[in-house]
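Written below as structure tokens is the structure these notes are about.
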Number of protein chains: 2
Amino acid sequence: MAIKKIGLQIKERRNVLHLQQKDLSELSGVSLRTVLQVESGYGNPSIGTLSKLADVLGLEIQLSIQTK
Amino acid sequence: MAIKKIGLQIKERRNVLHLQQKDLSELSGVSLRTVLQVESGYGNPSIGTLSKLADVLGLEIQLSIQTK
DNA sequence: GTAAATTATGCATTATACTGCACATTCGTT
DNA sequence: AACGAATGTGCAGTATAATGCATAATTTAC
């Protein structure tokens with residue numbers, strides 16, 4: 001499922017950058033509560049919310065041809 | 001902005017596959033109303049909704065390192 | 001061990017995505 | 001032009017994402 005994978009990517013990238021969830025929350029303007037939900041793969045964030053998180057982490061959302 | 005770009009990609013891909021908005025709506029289970037909004041770059045779809053559309057179109061949502 | 005920091009969960013409220021219906025506009029065909 | 005098909009808009013209702021607060025559990029540092 002897309003959301004779980006994305007949540008994991010967010011979490012891993014955050015760790016690589018040595019940021020805490022609270023940092024990501026504050027830098028992105030997304031509540032800590034929602035950061036937690038997204039990273040746990042629980043929930044169904046909007047593109048807007050995901051985009052705010054991705055921006056802080058230097059990531060971008062892409063649509064690509066399915067490989068598989 | 002991420003949403004406008006994604007909307008355009010959805011629309012272009014749909015055209016490549018010779019699908020109409022109504023087809024995409026029915027195949028994905030997303031209302032025609034929402035398909036219209038997403039394609040026009042207006043609105044802020046959830047990952048779940050975007051994922052349903054992407055699946056039908058053979059696309060996948062990805063997070064990748066920002067290139068720019 | 002224990003204290004503090006970090007991550008996680010329950011519940012209630014607010015903001016907003018998603019939808020259906022009706023109607024309007026644009027596009028293609030004759 | 002005139003008709004039908006496809007795409008788009010306004011408005012209202014419903015579902016659910018996003019949030020804050022309090023509280024837990026977990027991890028980290030002392």
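Residues are referred to by chain and number: the chain letter is A, B, ... according to the order shown in the structure tokens, the number counts from 1 in that chain, and ligands are numbered separately from 1 in the order shown.
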Alpha helix (DSSP H) positions in chain B, given as a PyMOL selection string: chain B and resi 2-16+21-28+32-39+47-57
Chain A in the frame of chain B after full C-alpha superposition, as a short mmCIF file (atom, residue, chain, number, x, y, z; two decimals) with C-alpha atoms, in the first residue's frame:
data_model
loop_
_atom_site.label_atom_id
_atom_site.label_comp_id
_atom_site.auth_asym_id
_atom_site.auth_seq_id
_atom_site.Cartn_x
_atom_site.Cartn_y
_atom_site.Cartn_z
CA MET A 1 3.10 23.55 -7.03
CA ALA A 2 2.86 19.80 -6.69
CA ILE A 3 -0.88 19.48 -7.15
CA LYS A 4 -1.09 21.27 -10.46
CA LYS A 5 1.70 19.19 -11.93
CA ILE A 6 0.15 15.98 -10.70
CA GLY A 7 -3.23 16.96 -12.08
CA LEU A 8 -1.74 17.56 -15.48
CA GLN A 9 0.08 14.24 -15.41
CA ILE A 10 -3.15 12.45 -14.60
CA LYS A 11 -4.94 14.16 -17.44
CA GLU A 12 -2.20 13.48 -19.97
CA ARG A 13 -1.90 9.87 -18.98
CA ARG A 14 -5.66 9.45 -19.19
CA ASN A 15 -5.62 10.82 -22.71
CA VAL A 16 -2.78 8.56 -23.73
CA LEU A 17 -4.91 5.62 -22.64
CA HIS A 18 -7.91 7.01 -24.52
CA LEU A 19 -10.02 7.13 -21.40
CA GLN A 20 -12.64 9.70 -20.63
CA GLN A 21 -13.02 11.31 -17.26
CA LYS A 22 -16.14 9.26 -16.73
CA ASP A 23 -14.23 6.06 -17.46
CA LEU A 24 -11.51 6.99 -15.02
CA SER A 25 -14.14 7.81 -12.46
CA GLU A 26 -15.90 4.49 -12.82
CA LEU A 27 -12.77 2.38 -13.01
CA SER A 28 -11.23 4.03 -9.97
CA GLY A 29 -14.29 4.44 -7.83
CA VAL A 30 -13.58 8.14 -7.47
CA SER A 31 -16.46 10.44 -8.28
CA LEU A 32 -16.44 12.30 -11.58
CA ARG A 33 -16.57 15.50 -9.58
CA THR A 34 -13.32 14.69 -7.84
CA VAL A 35 -11.61 13.51 -11.01
CA LEU A 36 -12.41 16.88 -12.49
CA GLN A 37 -11.01 18.70 -9.49
CA VAL A 38 -7.81 16.71 -9.42
CA GLU A 39 -7.15 17.13 -13.12
CA SER A 40 -7.78 20.84 -12.98
CA GLY A 41 -5.19 21.16 -10.21
CA TYR A 42 -7.90 22.52 -8.01
CA GLY A 43 -8.35 20.87 -4.68
CA ASN A 44 -6.13 18.90 -2.41
CA PRO A 45 -6.73 15.19 -2.90
CA SER A 46 -5.71 12.61 -0.35
CA ILE A 47 -3.08 10.03 -1.13
CA GLY A 48 -5.83 7.46 -1.09
CA THR A 49 -7.80 9.23 -3.77
CA LEU A 50 -4.75 9.95 -5.87
CA SER A 51 -3.67 6.37 -5.49
CA LYS A 52 -6.96 5.06 -6.84
CA LEU A 53 -6.57 7.20 -9.92
CA ALA A 54 -2.92 6.34 -10.36
CA ASP A 55 -3.63 2.63 -10.16
CA VAL A 56 -6.11 2.72 -13.02
CA LEU A 57 -3.64 4.68 -15.10
CA GLY A 58 -0.71 2.39 -14.35
CA LEU A 59 1.06 5.10 -12.40
CA GLU A 60 2.54 5.03 -8.95
CA ILE A 61 3.16 7.70 -6.35
CA GLN A 62 6.76 8.12 -5.36
CA LEU A 63 8.86 10.23 -3.09
CA SER A 64 12.24 11.00 -4.56
CA ILE A 65 15.11 13.26 -3.69
CA GLN A 66 14.41 16.73 -4.90
CA THR A 67 16.23 17.58 -8.09
CA LYS A 68 16.67 21.34 -8.30
#
Separation of C1' of DT9 in chain D from C1' of DA15 in chain C in Å: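 Between C1' of DA15 in chain C and C1' of DT9 in chain D the gap works out to 22.4 Å.
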Straight-line distance linking C1' of DA12 in chain C with C1' of DA15 in chain D, stated in Å to one decimal: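 Rounded to one decimal, the two atoms are 16.5 Å apart.
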Residue hits in chain D, query chain B, radius 9 Å, only C-alpha atoms (C1' of nucleotides), as an MDAnalysis selection string: chainID D and resid 6:8 17
